[in-house]
Amino acid sequence: MKVSLREIRKVFSDGTHALRGVSLDVFPGEVLALLGENGAGKTTLMKILSGIYRPTSGEIYVDGRRVKPKNARDALKLGIAMVHQHLSLIPGLTALENVAVLEGASLSPVSTELRRRVEKIAEELGFEIEWDRDVEELPLGMRQRVEIVKALYWGAQLLILDEPTTVLSPPEVKSLFQVVKRLKEQGRSVVYITHKIPEVMEIADRVVVLRRGLKSAEFSPPYDAKRLVEAMVGEVKTEAVERLGKPGERPVLEVKDLWVYDGDRAVVQGVDLVVREREILAIVGVEGNGQEHLVETIVGVRKRSRGMIKIYGGYAYIPDDRQKKALVLEMSLVENAIIGKENEFAKRGLISWQQAERFTAKLIEEFGIVAPGPWSSARQLSGGNQQKLVVGRELSRGAKLIVAHQPTRGLDVATTEYVQTLLIKTRNAGVGVLLVTSDLDEAYKIADTIAVMYRGKIVAYGPVEEMGIELVGKKMAGL
Amino acid sequence: MRRLALSLLNTGLALFLAFVLGAIAMWISGYDPLLSYKSMLLTPLSDLTYLFSALAFSAPILLTGLTFAVGLKAGLFNIGAEGQTYMGALGAVAAAYLTRDVSALPLAAFLGVAFAVAWSAIPALLKIWRGVNEVVGTIMMNWVAYWLVIMAVSTIFANPSQPEESVKMPEAARLTPLVAGTDLTLAVPLAYLTAVLIYVFLRYSVWGYRISISGQNPTVAKAYGIRPEQAVLVAFGIGALTAGLAGVLQVVARPPSYSLARNLANVYGLGFDGITAAMLGRGHPIGVLLASVFLGILQEGARHMQIEVGTPFEFIRVIQGLLILFLALQMLRKI
Ligand SMILES: Nc1ncnc2c1ncn2[C@@H]1O[C@H](COP(=O)(O)OP(=O)(O)OP(=O)(O)O)[C@@H](O)[C@H]1O
Ligand SMILES: [Mg+2]
């Protein structure tokens, strides 16, 4: 199936020009990578193709025939499906029900015929999925596989993956690549949105770069990494910031013998750790080994079952899921910017929104957040800009401890660099950072100390110089 | 601006549908809908006495509407205003029973509000401690209040000379009409002022902000040091203040009887009307104010409709019920 977009423009109701005339073809059996910095319009363009947004102007052709998908279901009938940046399964339904729910197929019980076909598709792709569990209980990586199977079950010929690897661990990324290759062999096309150059170099047959709503370049193999980055962000200037000085002595966070249960499953099993001043402690591990529970217990969202947590001098918190845990999407940037420090903007119990607005404007400027204005709603921001808002807010909190869970997820190359630099700078200023990440490169780049988490336990712990990548890799796999 | 226009349009549509279906119901029952609506909507505006009476109706509806609106902000479906209003009225009656001079007025305000707050604390704490859904908790408390207050008014607080009602407020402690010969008492400006205060509270106060955050996303609230349970308590508490005040005013500022009827006629259904007002006003305090004036006009107008055209008063209940239905459908569709 060949899909063509012609001169697509999109102006949102608030006047944001997200796309300013983009034309694009996707050929059968092709993996097309869509690159671009945060807010470039990648998600918007693909949401138009998959029927979620209506273009302001422009045309879509499928095999030469003009189409106007009115919603996601319409697009799926044409064979176009999208797996979203922020996954979109229906909580409260099982994985299988989520596949069936389209077209009002019967849910209780889901027909055995459907189950058989779904399981067959999953098997062909090498997926193991717990079909009968509530999707909310599934790890993000598995939810993503459910979405892929769902798309294929309903006959997708063109699959759009929006930053699919941000929620995946390295082995999961490998298996996703296998899947993409398999889809290609089956003659389907894939549009792959990403910020990660190595991924592009590995699987893309062609690369299109978007910049501020326009197509800025197109590449075919062999790729030159440097030119790809340049096309994305203009020239790259990296200000190299080094960690200065050794970690201090005084702790900003102490955790002793911490146990956390989820139901009757012990998810965190006797964790001990200390973050000191001027130290970045990176907890690495394959996602789903208890990191989420550990972090959320430290910041007080979850209850501990046993053990001790001590925080000295307040904390700032960058959660792994900005849309669910960090932002109130329906509220304005201003209201989101002051969460947890509303008192600082209040006199005699009344908030000065003017002052809050000034603060927000400063965040927008300082962190380069692309937004229509401080009073637009957080939902209107692109994924990466939402993340910048969260990072900016948290770093300006002035706490002695920063708990950062996947802080660069969904950020473009330049912004990732920027956030990592900021973390190092705050560390140099004497703040302790608990960095929880599944990105080993990130850990090695900025951490003083590395701890490996596996099945709820810290299985290795030491200064970064002593923690060779081979050892860490083994420990992560439970060897 | 766009959002405001859209919600006005939606509200208008719901109103239109409710009135059309109401008209059909009238027509089927053999009444003239056009004449009925004419006297329902226009007569109250034709005369200052009628208009003031409509405004007097609007005051308690506004106060109970604020209860529901503040609850919505906190993500609660707090339908306890009904029972809390009874308790507020009971407090006023108790004050009238205890003292027979002007001090009954502040005492009434204090007892009424205290009773209402205590009443709402039960479902609030049940929700926080035991996870009992607030709808269940408040409905339960509404019914307990209903029978309890009827019992109290029929026994200790009964009026020996007029068995149909409780002891009356002492004359010195009454809020009498501001314009002689009308129903317009201090209750009306007081209620409107309360709406403005609640608006300021929700829009500008730290706690108003915390309530909205935890109402929209309790996970975020928790992660950044806002305790959703506290927000629930505050929202319930503020709601009880206004509902209790409504009950107090229905006794101390409601000519001619200045008492609580034994069948609770002067407080019964106010919580229900408040929900309509809150939904019609889209949960915004000033919107609730406008909606309650509109509902007050309907209440007053319905009397004239019955007198002038002979269409039964009860049709306004039909229209209100339909209105709630359509507004609720719109809310559901949005989710
Ligand atoms: N619903 C919306 N209303 C208004 N503006 C929007 C809306 N959705 C996106 N935008 C704006 O359109 C632009 C493009 O956003 P888009 O989500 O397509 O970016 P993106 O390339 O996917 O970025 P990222 O890598 O950060 O996810 C941004 O400036 C964004 O703020
Ligand atoms: Mg995006």
# chains A, B, ... in the order shown; residues from 1 in each chain; ligands from 1
$ interface_residues --of "chain B" --to "chain A" --cutoff "8 Å" --atoms "only C-alpha atoms" --output "PyMOL selection string"
chain B and resi 204-207+213+216-217+219-226
$ residues_around --residues "A:Asn289" --least-positions-apart "3" --cutoff "10 Å" --atoms "only C-alpha atoms" --output "CSV table (one decimal) with N, CA and C atoms, in the first residue's frame"
chain,number,residue,atom,x,y,z
A,267,VAL,N,7.6,-6.3,45.7
A,267,VAL,CA,8.1,-5.7,44.5
A,267,VAL,C,9.5,-5.1,44.8
A,268,VAL,N,9.6,-4.5,46.0
A,268,VAL,CA,10.9,-4.0,46.4
A,268,VAL,C,11.3,-4.8,47.7
A,284,VAL,N,20.2,1.5,37.6
A,284,VAL,CA,19.9,1.0,36.3
A,284,VAL,C,19.2,-0.3,36.4
A,285,GLY,N,18.7,-0.8,35.3
A,285,GLY,CA,18.0,-2.1,35.4
A,285,GLY,C,16.9,-2.1,34.3
A,286,VAL,N,16.5,-3.3,33.9
A,286,VAL,CA,15.5,-3.4,32.9
A,286,VAL,C,14.2,-3.0,33.6
A,292,GLU,N,10.0,1.5,39.7
A,292,GLU,CA,8.8,2.4,39.8
A,292,GLU,C,8.3,2.4,41.2
A,293,HIS,N,8.2,1.2,41.8
A,293,HIS,CA,7.7,1.2,43.2
A,293,HIS,C,8.7,1.8,44.2
A,294,LEU,N,9.9,1.6,43.9
A,294,LEU,CA,11.0,2.2,44.8
A,294,LEU,C,10.8,3.8,44.8
A,452,VAL,N,22.6,-1.5,40.4
A,452,VAL,CA,21.8,-2.3,39.5
A,452,VAL,C,20.7,-2.9,40.3
A,453,MET,N,19.5,-2.7,39.7
A,453,MET,CA,18.3,-3.3,40.4
A,453,MET,C,17.8,-4.5,39.6
A,454,TYR,N,17.5,-5.6,40.3
A,454,TYR,CA,17.0,-6.7,39.6
A,454,TYR,C,16.1,-7.4,40.5
A,455,ARG,N,14.8,-7.7,40.0
A,455,ARG,CA,13.8,-8.3,40.8
A,455,ARG,C,13.7,-7.8,42.2
A,456,GLY,N,13.6,-6.5,42.3
A,456,GLY,CA,13.3,-5.8,43.6
A,456,GLY,C,14.5,-5.7,44.5
A,457,LYS,N,15.7,-6.1,44.1
A,457,LYS,CA,16.9,-6.0,44.9
A,457,LYS,C,18.0,-5.2,44.2
A,458,ILE,N,18.8,-4.6,45.1
A,458,ILE,CA,20.0,-4.0,44.5
A,458,ILE,C,21.1,-5.1,44.5
A,476,MET,N,22.2,-6.9,35.3
A,476,MET,CA,20.9,-6.5,34.9
A,476,MET,C,20.1,-7.7,34.4
$ residues_around --residues "stretch 183-191 of chain B" --least-positions-apart "5" --cutoff "10 Å" --atoms "only C-alpha atoms" --output "count of residues only"
35
$ residues_near_ligand --ligand "ligand 2" --cutoff "12 Å" --atoms "only C-alpha atoms and all ligand atoms" --output "NGL selection string"
:A and (18 or 34-47 or 83-87 or 160-164 or 166 or 192-195 or 210 or 379-387 or 409-412)
$ write_last_selection --atoms "N, CA and C atoms" --output "short mmCIF file (atom, residue, chain, number, x, y, z; two decimals), in the first residue's frame"
data_model
loop_
_atom_site.label_atom_id
_atom_site.label_comp_id
_atom_site.auth_asym_id
_atom_site.auth_seq_id
_atom_site.Cartn_x
_atom_site.Cartn_y
_atom_site.Cartn_z
N ALA A 18 1.18 24.15 13.56
CA ALA A 18 1.97 22.96 13.85
C ALA A 18 2.60 22.41 12.57
N LEU A 34 10.87 9.20 10.91
CA LEU A 34 10.50 10.60 10.97
C LEU A 34 11.27 11.21 12.13
N LEU A 35 12.18 12.10 11.78
CA LEU A 35 13.00 12.73 12.81
C LEU A 35 12.57 14.17 12.99
N GLY A 36 12.93 14.74 14.12
CA GLY A 36 12.63 16.15 14.33
C GLY A 36 12.67 16.48 15.80
N GLU A 37 13.00 17.74 16.10
CA GLU A 37 13.10 18.09 17.51
C GLU A 37 11.72 18.17 18.14
N ASN A 38 11.72 18.36 19.46
CA ASN A 38 10.46 18.43 20.18
C ASN A 38 9.59 19.56 19.62
N GLY A 39 8.35 19.20 19.30
CA GLY A 39 7.44 20.21 18.79
C GLY A 39 7.55 20.46 17.31
N ALA A 40 8.30 19.63 16.60
CA ALA A 40 8.49 19.83 15.16
C ALA A 40 7.21 19.54 14.37
N GLY A 41 6.33 18.72 14.96
CA GLY A 41 5.08 18.41 14.27
C GLY A 41 4.96 16.95 13.86
N LYS A 42 5.84 16.11 14.33
CA LYS A 42 5.83 14.70 13.93
C LYS A 42 4.53 14.02 14.35
N THR A 43 4.20 14.15 15.64
CA THR A 43 3.01 13.49 16.14
C THR A 43 1.76 14.04 15.46
N THR A 44 1.73 15.37 15.29
CA THR A 44 0.57 15.97 14.66
C THR A 44 0.38 15.43 13.24
N LEU A 45 1.46 15.36 12.47
CA LEU A 45 1.37 14.87 11.10
C LEU A 45 0.80 13.46 11.06
N MET A 46 1.29 12.62 11.96
CA MET A 46 0.85 11.23 11.93
C MET A 46 -0.56 11.08 12.50
N LYS A 47 -0.92 11.97 13.41
CA LYS A 47 -2.30 11.93 13.90
C LYS A 47 -3.27 12.33 12.78
N VAL A 83 0.44 3.59 16.89
CA VAL A 83 0.72 3.25 18.28
C VAL A 83 1.30 4.50 18.92
N HIS A 84 0.57 5.02 19.92
CA HIS A 84 0.86 6.38 20.37
C HIS A 84 2.04 6.49 21.31
N GLN A 85 2.58 7.72 21.31
CA GLN A 85 3.66 8.10 22.20
C GLN A 85 3.24 7.85 23.64
N HIS A 86 2.03 8.26 23.98
CA HIS A 86 1.48 7.96 25.29
C HIS A 86 0.40 6.93 25.04
N LEU A 87 0.72 5.68 25.36
CA LEU A 87 -0.11 4.57 24.92
C LEU A 87 -1.57 4.80 25.29
N ILE A 160 2.16 3.10 12.33
CA ILE A 160 2.92 4.27 12.78
C ILE A 160 3.33 4.05 14.23
N LEU A 161 4.61 4.11 14.49
CA LEU A 161 5.10 3.94 15.85
C LEU A 161 5.65 5.28 16.33
N ASP A 162 5.02 5.87 17.34
CA ASP A 162 5.46 7.17 17.82
C ASP A 162 6.38 7.01 19.01
N GLU A 163 7.64 7.26 18.82
CA GLU A 163 8.67 7.11 19.84
C GLU A 163 8.51 5.81 20.62
N PRO A 164 8.53 4.69 19.90
CA PRO A 164 8.19 3.41 20.55
C PRO A 164 9.23 2.96 21.57
N THR A 166 10.94 4.65 23.77
CA THR A 166 11.13 5.40 25.02
C THR A 166 10.68 4.59 26.22
N TYR A 192 8.29 5.40 11.58
CA TYR A 192 8.95 5.26 12.85
C TYR A 192 9.39 6.64 13.33
N ILE A 193 8.70 7.16 14.37
CA ILE A 193 9.05 8.49 14.88
C ILE A 193 10.05 8.32 16.01
N THR A 194 11.11 9.08 15.98
CA THR A 194 12.11 8.93 17.04
C THR A 194 13.02 10.14 17.15
N HIS A 195 13.77 10.17 18.24
CA HIS A 195 14.83 11.17 18.39
C HIS A 195 16.19 10.50 18.37
N LEU A 210 11.65 16.62 9.99
CA LEU A 210 10.74 17.76 10.11
C LEU A 210 11.39 18.81 10.99
N ARG A 379 -2.10 20.07 27.80
CA ARG A 379 -2.37 19.09 26.76
C ARG A 379 -1.91 19.57 25.39
N GLN A 380 -1.89 20.89 25.22
CA GLN A 380 -1.55 21.42 23.89
C GLN A 380 -0.06 21.33 23.57
N LEU A 381 0.75 21.00 24.56
CA LEU A 381 2.18 20.91 24.29
C LEU A 381 2.54 19.57 23.67
N SER A 382 3.62 19.57 22.88
CA SER A 382 4.12 18.31 22.35
C SER A 382 4.73 17.54 23.52
N GLY A 383 4.88 16.22 23.32
CA GLY A 383 5.39 15.38 24.40
C GLY A 383 6.68 15.91 25.02
N GLY A 384 7.61 16.27 24.19
CA GLY A 384 8.89 16.73 24.68
C GLY A 384 8.78 18.04 25.44
N ASN A 385 7.91 18.90 24.98
CA ASN A 385 7.75 20.18 25.68
C ASN A 385 7.05 20.01 27.02
N GLN A 386 6.16 19.03 27.10
CA GLN A 386 5.58 18.71 28.40
C GLN A 386 6.68 18.29 29.36
N GLN A 387 7.60 17.47 28.85
CA GLN A 387 8.69 17.00 29.70
C GLN A 387 9.58 18.17 30.14
N ARG A 409 13.30 10.90 28.83
CA ARG A 409 12.40 10.16 27.96
C ARG A 409 11.65 11.11 27.04
N GLY A 410 11.71 10.83 25.76
CA GLY A 410 10.93 11.61 24.80
C GLY A 410 11.55 12.96 24.46
N LEU A 411 12.77 13.20 24.89
CA LEU A 411 13.40 14.48 24.54
C LEU A 411 14.27 14.31 23.31
N ASP A 412 14.38 15.37 22.51
CA ASP A 412 15.24 15.27 21.34
C ASP A 412 16.71 15.35 21.76
#
$ select_by_dssp --residues "stretch 1-240 of chain B" --states "strand (DSSP E or B)" --output "NGL selection string"
:B and (158 or 165-166 or 205)
$ write_last_selection --atoms "all heavy atoms" --output "JSON list (two decimals), in the first residue's frame"
[["chain", "number", "residue", "atom", "x", "y", "z"],
["B", 158, "ALA", "N", -41.44, 21.10, 69.01],
["B", 158, "ALA", "CA", -42.77, 21.35, 68.47],
["B", 158, "ALA", "C", -43.32, 22.66, 69.03],
["B", 158, "ALA", "O", -43.00, 23.07, 70.14],
["B", 158, "ALA", "CB", -43.70, 20.20, 68.82],
["B", 165, "GLU", "N", -45.82, 23.22, 62.81],
["B", 165, "GLU", "CA", -44.46, 23.73, 62.67],
["B", 165, "GLU", "C", -43.73, 23.79, 64.00],
["B", 165, "GLU", "O", -44.31, 23.57, 65.06],
["B", 165, "GLU", "CB", -44.49, 25.11, 62.01],
["B", 165, "GLU", "CG", -45.37, 26.10, 62.75],
["B", 165, "GLU", "CD", -45.41, 27.43, 62.04],
["B", 165, "GLU", "OE1", -45.91, 27.47, 60.91],
["B", 165, "GLU", "OE2", -44.94, 28.41, 62.62],
["B", 166, "SER", "N", -42.44, 24.10, 63.91],
["B", 166, "SER", "CA", -41.59, 24.15, 65.10],
["B", 166, "SER", "C", -41.81, 25.47, 65.85],
["B", 166, "SER", "O", -42.55, 26.33, 65.39],
["B", 166, "SER", "CB", -40.13, 24.08, 64.67],
["B", 166, "SER", "OG", -39.78, 25.30, 64.06],
["B", 205, "SER", "N", -7.46, 31.04, 46.26],
["B", 205, "SER", "CA", -6.86, 30.58, 47.50],
["B", 205, "SER", "C", -5.98, 29.36, 47.27],
["B", 205, "SER", "O", -6.17, 28.60, 46.32],
["B", 205, "SER", "CB", -7.94, 30.26, 48.53],
["B", 205, "SER", "OG", -8.46, 28.99, 48.26]]
$ residues_around --residues "stretch 123-140 of chain B" --least-positions-apart "4" --cutoff "12 Å" --atoms "only C-alpha atoms" --output "count of residues only"
38
$ residues_around --residues "B:Leu98" --least-positions-apart "4" --cutoff "12 Å" --atoms "only C-alpha atoms" --output "PyMOL selection string"
chain B and resi 91-94+102-105+107-108+111+156-157+167-170
$ residues_around --residues "A:Ile197" --least-positions-apart "5" --cutoff "9 Å" --atoms "only C-alpha atoms" --output "ChimeraX atom specification"
/A:35,202,225,228-229,413
$ write_last_selection --atoms "all heavy atoms" --output "compact mmCIF listing (two decimals), in the first residue's frame"
# COMPACT_ATOMS: atom_id res chain seq x y z
N LEU A 35 12.18 12.10 11.78
CA LEU A 35 13.00 12.73 12.81
C LEU A 35 12.57 14.17 12.99
O LEU A 35 11.95 14.76 12.11
CB LEU A 35 14.46 12.74 12.36
CG LEU A 35 15.37 11.57 12.68
CD1 LEU A 35 16.71 11.82 12.02
CD2 LEU A 35 15.53 11.43 14.17
N GLU A 202 19.98 2.07 12.22
CA GLU A 202 19.83 0.63 12.17
C GLU A 202 18.65 0.16 11.32
O GLU A 202 18.77 -0.79 10.57
CB GLU A 202 19.68 0.07 13.60
CG GLU A 202 19.55 -1.44 13.57
CD GLU A 202 19.84 -2.08 14.92
OE1 GLU A 202 20.36 -1.38 15.81
OE2 GLU A 202 19.53 -3.27 15.06
N ALA A 225 25.62 10.31 10.71
CA ALA A 225 24.94 10.68 11.95
C ALA A 225 24.97 12.19 12.17
O ALA A 225 23.98 12.80 12.56
CB ALA A 225 25.57 9.96 13.13
N LEU A 228 22.48 14.05 10.08
CA LEU A 228 21.12 13.84 10.55
C LEU A 228 20.80 14.80 11.70
O LEU A 228 19.77 15.46 11.74
CB LEU A 228 20.94 12.39 11.04
CG LEU A 228 20.86 11.31 9.97
CD1 LEU A 228 20.75 9.93 10.62
CD2 LEU A 228 19.68 11.55 9.05
N VAL A 229 21.74 14.85 12.64
CA VAL A 229 21.52 15.72 13.80
C VAL A 229 21.43 17.17 13.37
O VAL A 229 20.56 17.93 13.81
CB VAL A 229 22.67 15.55 14.83
CG1 VAL A 229 22.51 16.54 15.96
CG2 VAL A 229 22.67 14.13 15.36
N VAL A 413 17.59 15.11 20.80
CA VAL A 413 19.01 15.00 21.12
C VAL A 413 19.51 16.22 21.89
O VAL A 413 20.13 16.10 22.95
CB VAL A 413 19.84 14.87 19.83
CG1 VAL A 413 21.29 14.63 20.16
CG2 VAL A 413 19.29 13.75 18.97
$ residues_around --residues "A:Val274" --least-positions-apart "2" --cutoff "8 Å" --atoms "only C-alpha atoms" --output "NGL selection string"
:A and (251-255 or 272 or 276)
$ write_last_selection --atoms "all heavy atoms" --output "PDB file, in the first residue's frame"
ATOM      1  N   PRO A 251      24.413  12.890  53.751  1.00  0.00           N
ATOM      2  CA  PRO A 251      23.374  12.284  52.914  1.00  0.00           C
ATOM      3  C   PRO A 251      22.212  13.242  52.699  1.00  0.00           C
ATOM      4  O   PRO A 251      21.910  14.057  53.573  1.00  0.00           O
ATOM      5  CB  PRO A 251      22.924  11.079  53.746  1.00  0.00           C
ATOM      6  CG  PRO A 251      23.227  11.448  55.152  1.00  0.00           C
ATOM      7  CD  PRO A 251      24.418  12.354  55.125  1.00  0.00           C
ATOM      8  N   VAL A 252      21.582  13.162  51.514  1.00  0.00           N
ATOM      9  CA  VAL A 252      20.322  13.877  51.301  1.00  0.00           C
ATOM     10  C   VAL A 252      19.162  12.893  51.247  1.00  0.00           C
ATOM     11  O   VAL A 252      18.008  13.272  51.355  1.00  0.00           O
ATOM     12  CB  VAL A 252      20.357  14.724  50.012  1.00  0.00           C
ATOM     13  CG1 VAL A 252      21.334  15.878  50.177  1.00  0.00           C
ATOM     14  CG2 VAL A 252      20.725  13.885  48.813  1.00  0.00           C
ATOM     15  N   LEU A 253      19.505  11.622  51.045  1.00  0.00           N
ATOM     16  CA  LEU A 253      18.470  10.578  51.053  1.00  0.00           C
ATOM     17  C   LEU A 253      19.068   9.311  51.642  1.00  0.00           C
ATOM     18  O   LEU A 253      20.155   8.884  51.252  1.00  0.00           O
ATOM     19  CB  LEU A 253      17.986  10.279  49.634  1.00  0.00           C
ATOM     20  CG  LEU A 253      17.109   9.029  49.478  1.00  0.00           C
ATOM     21  CD1 LEU A 253      15.747   9.230  50.105  1.00  0.00           C
ATOM     22  CD2 LEU A 253      16.953   8.638  48.016  1.00  0.00           C
ATOM     23  N   GLU A 254      18.348   8.739  52.592  1.00  0.00           N
ATOM     24  CA  GLU A 254      18.767   7.450  53.136  1.00  0.00           C
ATOM     25  C   GLU A 254      17.597   6.492  53.066  1.00  0.00           C
ATOM     26  O   GLU A 254      16.492   6.818  53.505  1.00  0.00           O
ATOM     27  CB  GLU A 254      19.171   7.602  54.609  1.00  0.00           C
ATOM     28  CG  GLU A 254      20.566   8.153  54.821  1.00  0.00           C
ATOM     29  CD  GLU A 254      20.886   8.216  56.305  1.00  0.00           C
ATOM     30  OE1 GLU A 254      20.235   9.005  57.010  1.00  0.00           O
ATOM     31  OE2 GLU A 254      21.760   7.450  56.742  1.00  0.00           O
ATOM     32  N   VAL A 255      17.838   5.330  52.530  1.00  0.00           N
ATOM     33  CA  VAL A 255      16.814   4.293  52.472  1.00  0.00           C
ATOM     34  C   VAL A 255      17.401   3.051  53.120  1.00  0.00           C
ATOM     35  O   VAL A 255      18.505   2.632  52.768  1.00  0.00           O
ATOM     36  CB  VAL A 255      16.417   3.993  51.013  1.00  0.00           C
ATOM     37  CG1 VAL A 255      15.443   2.837  50.946  1.00  0.00           C
ATOM     38  CG2 VAL A 255      15.815   5.227  50.353  1.00  0.00           C
ATOM     39  N   ASP A 272      18.646  -0.967  50.289  1.00  0.00           N
ATOM     40  CA  ASP A 272      19.405   0.006  51.066  1.00  0.00           C
ATOM     41  C   ASP A 272      20.083   0.945  50.089  1.00  0.00           C
ATOM     42  O   ASP A 272      20.718   0.470  49.156  1.00  0.00           O
ATOM     43  CB  ASP A 272      20.546  -0.678  51.848  1.00  0.00           C
ATOM     44  CG  ASP A 272      20.009  -1.547  52.961  1.00  0.00           C
ATOM     45  OD1 ASP A 272      19.369  -0.992  53.858  1.00  0.00           O
ATOM     46  OD2 ASP A 272      20.225  -2.780  52.902  1.00  0.00           O
ATOM     47  N   ARG A 276      24.246  11.077  48.542  1.00  0.00           N
ATOM     48  CA  ARG A 276      24.906  12.143  49.297  1.00  0.00           C
ATOM     49  C   ARG A 276      24.869  13.435  48.509  1.00  0.00           C
ATOM     50  O   ARG A 276      24.502  13.467  47.343  1.00  0.00           O
ATOM     51  CB  ARG A 276      26.361  11.733  49.580  1.00  0.00           C
ATOM     52  CG  ARG A 276      26.467  10.544  50.531  1.00  0.00           C
ATOM     53  CD  ARG A 276      27.831   9.932  50.475  1.00  0.00           C
ATOM     54  NE  ARG A 276      28.075   9.293  49.195  1.00  0.00           N
ATOM     55  CZ  ARG A 276      29.276   8.876  48.780  1.00  0.00           C
ATOM     56  NH1 ARG A 276      30.330   9.050  49.528  1.00  0.00           N
ATOM     57  NH2 ARG A 276      29.420   8.297  47.603  1.00  0.00           N
TER      58      ARG A 276
END
$ atom_distance --atom1 "atom CA of A:Ser189" --atom2 "atom CA of A:Gly29"
4.7 Å
$ atom_distance --atom1 "atom CA of A:Pro221" --atom2 "atom CA of A:Glu417"
25.8 Å
$ select_by_dssp --residues "stretch 38-143 of chain A" --states "alpha helix (DSSP H)" --output "PyMOL selection string"
chain A and resi 42-49+72-77+95-100+112-124+140-143
$ closest_residue --among "A:Val275, A:Leu333, A:Val436, A:Leu140" --to "ligand 1" --atoms "only C-alpha atoms and all ligand atoms"
A:Leu333
